[in-house]
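Structure file entry.cif (mmCIF, C-alpha atoms and all ligand atoms) follows.
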```cif
data_coords
#
loop_
_atom_site.label_atom_id
_atom_site.label_comp_id
_atom_site.auth_asym_id
_atom_site.auth_seq_id
_atom_site.Cartn_x
_atom_site.Cartn_y
_atom_site.Cartn_z
CA MET D 203 87.02 105.43 97.80
CA SER D 204 84.32 104.59 95.29
CA GLU D 205 83.44 107.14 92.64
CA LYS D 206 80.26 109.15 92.96
CA THR D 207 77.68 108.95 90.21
CA LYS D 208 76.46 112.16 88.65
CA LEU D 209 73.12 111.72 90.44
CA HIS D 210 74.90 111.45 93.80
CA ALA D 211 76.97 114.54 93.03
CA VAL D 212 73.82 116.51 92.12
CA LEU D 213 71.90 115.39 95.21
CA GLU D 214 74.85 115.97 97.55
CA CYS D 215 75.61 119.36 95.90
CA LYS D 216 79.19 118.49 94.97
CA CYS D 217 81.55 119.99 92.41
CA PRO D 218 80.71 118.91 88.83
CA ARG D 219 84.41 118.39 88.00
CA CYS D 220 85.81 116.42 90.95
CA ARG D 221 82.50 115.48 92.68
CA GLN D 222 84.20 115.96 96.06
CA GLY D 223 84.21 119.68 96.84
CA ASN D 224 81.08 121.36 98.13
CA LEU D 225 79.09 123.72 95.92
CA PHE D 226 77.78 125.83 98.81
CA GLU D 227 79.00 127.50 101.97
CA LYS D 228 77.96 125.60 105.08
CA GLY D 229 75.60 126.44 107.90
CA LYS D 230 72.98 128.52 106.11
CA ILE D 231 69.42 127.74 105.11
CA PHE D 232 69.81 129.52 101.76
CA PRO D 233 73.57 129.28 101.14
CA LYS D 234 75.41 131.14 98.41
CA PRO D 235 77.32 129.03 95.89
CA LEU D 236 81.07 129.16 96.51
CA SER D 237 83.16 130.93 93.86
CA HIS D 238 85.61 128.03 93.50
CA CYS D 239 85.71 124.33 94.35
CA PRO D 240 87.61 123.90 97.65
CA VAL D 241 89.02 120.55 96.45
CA CYS D 242 89.99 120.95 92.76
CA GLY D 243 89.86 124.75 92.53
CA VAL D 244 87.63 125.01 89.46
CA ARG D 245 85.70 128.27 89.13
CA TYR D 246 81.95 127.55 89.48
CA GLU D 247 80.56 130.82 88.15
CA LYS D 248 81.67 130.77 84.52
CA GLU D 249 80.08 134.12 83.75
CA PRO D 250 78.51 136.87 85.89
CA ASP D 251 75.15 135.78 87.32
CA PHE D 252 75.63 132.24 86.04
CA PHE D 253 73.34 130.83 88.72
CA GLN D 254 70.45 133.09 87.64
CA GLY D 255 69.57 130.39 85.12
CA ALA D 256 68.87 128.04 88.01
CA MET D 257 65.57 129.84 88.54
CA TYR D 258 64.16 127.95 85.55
CA VAL D 259 65.19 124.68 87.18
CA SER D 260 63.73 125.93 90.45
CA TYR D 261 60.47 126.71 88.67
CA ALA D 262 60.34 123.19 87.23
CA ILE D 263 60.99 121.68 90.67
CA SER D 264 58.22 123.89 92.13
CA VAL D 265 55.77 122.67 89.49
CA ALA D 266 56.74 119.08 90.36
CA ILE D 267 56.06 119.89 94.05
CA PHE D 268 52.64 121.36 93.13
CA VAL D 269 51.71 118.26 91.14
CA VAL D 270 52.98 115.70 93.66
CA PHE D 271 51.42 117.38 96.68
CA GLY D 272 48.23 118.25 94.77
CA PHE D 273 47.67 114.62 93.86
CA GLY D 274 48.88 113.62 97.33
CA ALA D 275 46.18 115.79 98.92
CA TYR D 276 43.57 114.40 96.52
CA PHE D 277 44.30 110.77 97.41
CA LEU D 278 45.18 111.24 101.11
CA PHE D 279 42.21 113.46 102.02
CA ASN D 280 39.77 111.90 99.51
CA ASP D 281 39.15 114.95 97.28
CA PRO D 282 39.02 117.64 100.02
CA PRO D 283 37.75 121.25 99.70
CA THR D 284 39.93 123.65 97.67
CA TYR D 285 41.51 125.34 100.70
CA VAL D 286 43.10 122.01 101.73
CA TYR D 287 44.89 121.85 98.37
CA TRP D 288 46.09 125.43 98.82
CA LEU D 289 47.33 124.77 102.36
CA THR D 290 49.05 121.51 101.40
CA ILE D 291 50.79 122.93 98.33
CA ILE D 292 51.82 126.25 99.93
CA THR D 293 53.15 124.48 103.04
CA ALA D 294 55.08 121.94 100.96
CA THR D 295 56.55 124.68 98.76
CA ILE D 296 57.71 126.71 101.78
CA VAL D 297 59.07 123.71 103.70
CA LEU D 298 60.91 122.40 100.63
CA ALA D 299 62.24 125.84 99.56
CA PRO D 300 65.74 125.33 101.04
CA LEU D 301 65.99 121.96 99.28
CA ASN D 302 64.74 123.50 96.03
CA TRP D 303 67.27 126.34 96.43
CA ARG D 304 70.23 123.93 96.58
CA LEU D 305 68.96 121.28 94.21
CA SER D 306 68.08 123.74 91.42
CA LYS D 307 71.56 125.30 91.48
CA SER D 308 73.28 121.93 91.76
CA LEU D 309 71.26 120.48 88.89
CA PHE D 310 71.83 123.61 86.81
CA ILE D 311 75.62 123.60 87.16
CA HIS D 312 75.82 119.85 86.51
CA VAL D 313 73.61 119.96 83.39
CA PHE D 314 74.36 123.39 81.90
CA GLY D 315 77.76 124.22 83.43
CA GLY D 316 79.70 122.43 80.72
CA PHE D 317 82.06 120.81 83.23
CA LYS D 318 83.62 117.46 82.44
CA TYR D 319 83.97 114.91 85.25
CA GLU D 320 87.66 114.39 85.96
CA PRO D 321 87.96 111.77 88.72
CA ASN D 322 91.75 111.97 88.84
CA ILE D 323 92.03 115.75 89.03
CA VAL D 324 92.60 115.71 92.80
CA GLN D 325 95.37 113.11 92.69
CA GLU D 326 97.08 114.99 89.84
CA LYS D 327 97.24 118.18 91.88
CA ARG D 328 98.80 116.46 94.91
ZN ZN Z 401 86.04 120.24 92.38
#
```

Translate the structure described by the file into structure tokens.
Amino acid sequence: MSEKTKLHAVLECKCPRCRQGNLFEKGKIFPKPLSHCPVCGVRYEKEPDFFQGAMYVSYAISVAIFVVFGFGAYFLFNDPPTYVYWLTIITATIVLAPLNWRLSKSLFIHVFGGFKYEPNIVQEKR
């Protein structure tokens, strides 16, 4: 099996240490992060409310959504009335909220979690 890049691990919401275990419980629109990696067993939440910091990442992603869809509306609808911008941006923000929820937490734990990638951790445990 080929190794995942950090970008793949962030986008697929995988464990920052082994890049194989899932970060979230399955089957929910707004899933909670798991307490431990199901593959390598590392504890995700290093301190109480660790994932609270992800709201800053979420805010940054939201601003990116505003900018992209704002300019998108400008060019697609040829500088429409203000309410079209509001509708486009609010709709995009709501539709992309589940993605933002996961991506902000995944990005946060990968960048600020302080985990080191250990590709052989799973083989060592077996
Ligand atoms: Zn893991």

(Q) So the first atom is atom CA of Thr207 of chain D and the second is atom CA of Leu305 of chain D; what is the distance between them in Å, to one decimal place? (A) 15.6 Å

Q) Smallest atom-to-atom distance to Thr290 of chain D: which of D:Glu249, D:Cys215, D:Cys220, D:Val269, using all atoms listed in the file? A)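 When distances to Thr290 of chain D are compared using all atoms listed in the file, the smallest one comes from D:Val269.
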
Q. Hey, what's within 12 Å of Leu298 of chain D if we count all atoms listed in the file and toss same-chain stuff fewer than 2 positions away? As a list of chain:residue names, please?
A.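 Answer for this query is D:Ile231, D:Phe232, D:Ser260, D:Ile263, D:Ser264, D:Ala266, D:Ile267, D:Phe268, D:Phe271, D:Thr290, D:Ile291, D:Ile292, D:Thr293, D:Ala294, D:Thr295, D:Ile296, D:Pro300, D:Leu301, D:Asn302, D:Trp303, D:Arg304, D:Leu305, D:Ser306.
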
Q) What does the distance between atom CA of Arg221 of chain D and atom CA of Phe314 of chain D come to in Å, to one decimal place? A)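 Computing the Euclidean distance for atom CA of Arg221 of chain D and atom CA of Phe314 of chain D yields 15.7 Å.
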
Q.
Neighbouring residues of ligand ZN 401 (chain Z) are defined here as those with any atom at most 7 Å from a ligand atom, counting all atoms listed in the file; list them as a list in words.
A.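 Final answer, ordered by chain and number: Cys217, Pro218, Arg219, Cys220, Arg221, Gln222, Gly223, Cys239, Pro240, Val241, Cys242, Gly243 and Val244 of chain D.
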
Would you write out those residues with C-alpha atoms, as a compact mmCIF listing (two decimals), in the coordinates of the input?
```txt
# COMPACT_ATOMS: atom_id res chain seq x y z
CA CYS D 217 81.55 119.99 92.41
CA PRO D 218 80.71 118.91 88.83
CA ARG D 219 84.41 118.39 88.00
CA CYS D 220 85.81 116.42 90.95
CA ARG D 221 82.50 115.48 92.68
CA GLN D 222 84.20 115.96 96.06
CA GLY D 223 84.21 119.68 96.84
CA CYS D 239 85.71 124.33 94.35
CA PRO D 240 87.61 123.90 97.65
CA VAL D 241 89.02 120.55 96.45
CA CYS D 242 89.99 120.95 92.76
CA GLY D 243 89.86 124.75 92.53
CA VAL D 244 87.63 125.01 89.46
```

Q) Which residues come within 6 Å of Phe226 of chain D, counting only C-alpha atoms, excluding same-chain residues fewer than 5 positions away, as a list in words? A)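 Near neighbours after the sequence-gap exclusion: Pro233, Lys234, Pro235 and Leu236 of chain D.
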
Listed atoms of segment 281-300 of chain D boxed axis-aligned with 6 Å per side, centre + edges as AutoDock Vina command-line options:
```
--center_x 51.7 --center_y 120.8 --center_z 100.5 --size_x 40.0 --size_y 23.8 --size_z 18.4
```

Q. Can you tell me how far atom CA of Lys307 of chain D sits from atom CA of Asn322 of chain D, in Å to one decimal?
A.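 Between these atoms lies a distance of 24.3 Å.
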
(Q) Nearest residue to Tyr285 of chain D out of D:Gly272, D:Ser237, D:Lys318, D:His312, using only C-alpha atoms? (A)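 Result for the nearest residue to Tyr285 of chain D: D:Gly272.
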
Q) Pick from D:Val259, D:Pro250, D:Lys228, D:His210: nearest to Val313 of chain D, with all atoms listed in the file counted? A)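 Counting all atoms listed in the file, the residue closest to Val313 of chain D is D:Val259.
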
Q) From the list D:Phe277, D:Tyr246, D:Tyr261, D:Phe253, which residue is nearest Lys216 of chain D when using only C-alpha atoms? A)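 Ranking D:Phe277, D:Tyr246, D:Tyr261, D:Phe253 by distance to Lys216 of chain D, first place goes to D:Tyr246.
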
Q.
Using all atoms listed in the file for the distances, tell me which of D:Met257, D:Val212, D:Leu278, D:Glu247 is nearest to Leu309 of chain D.
A. D:Val212
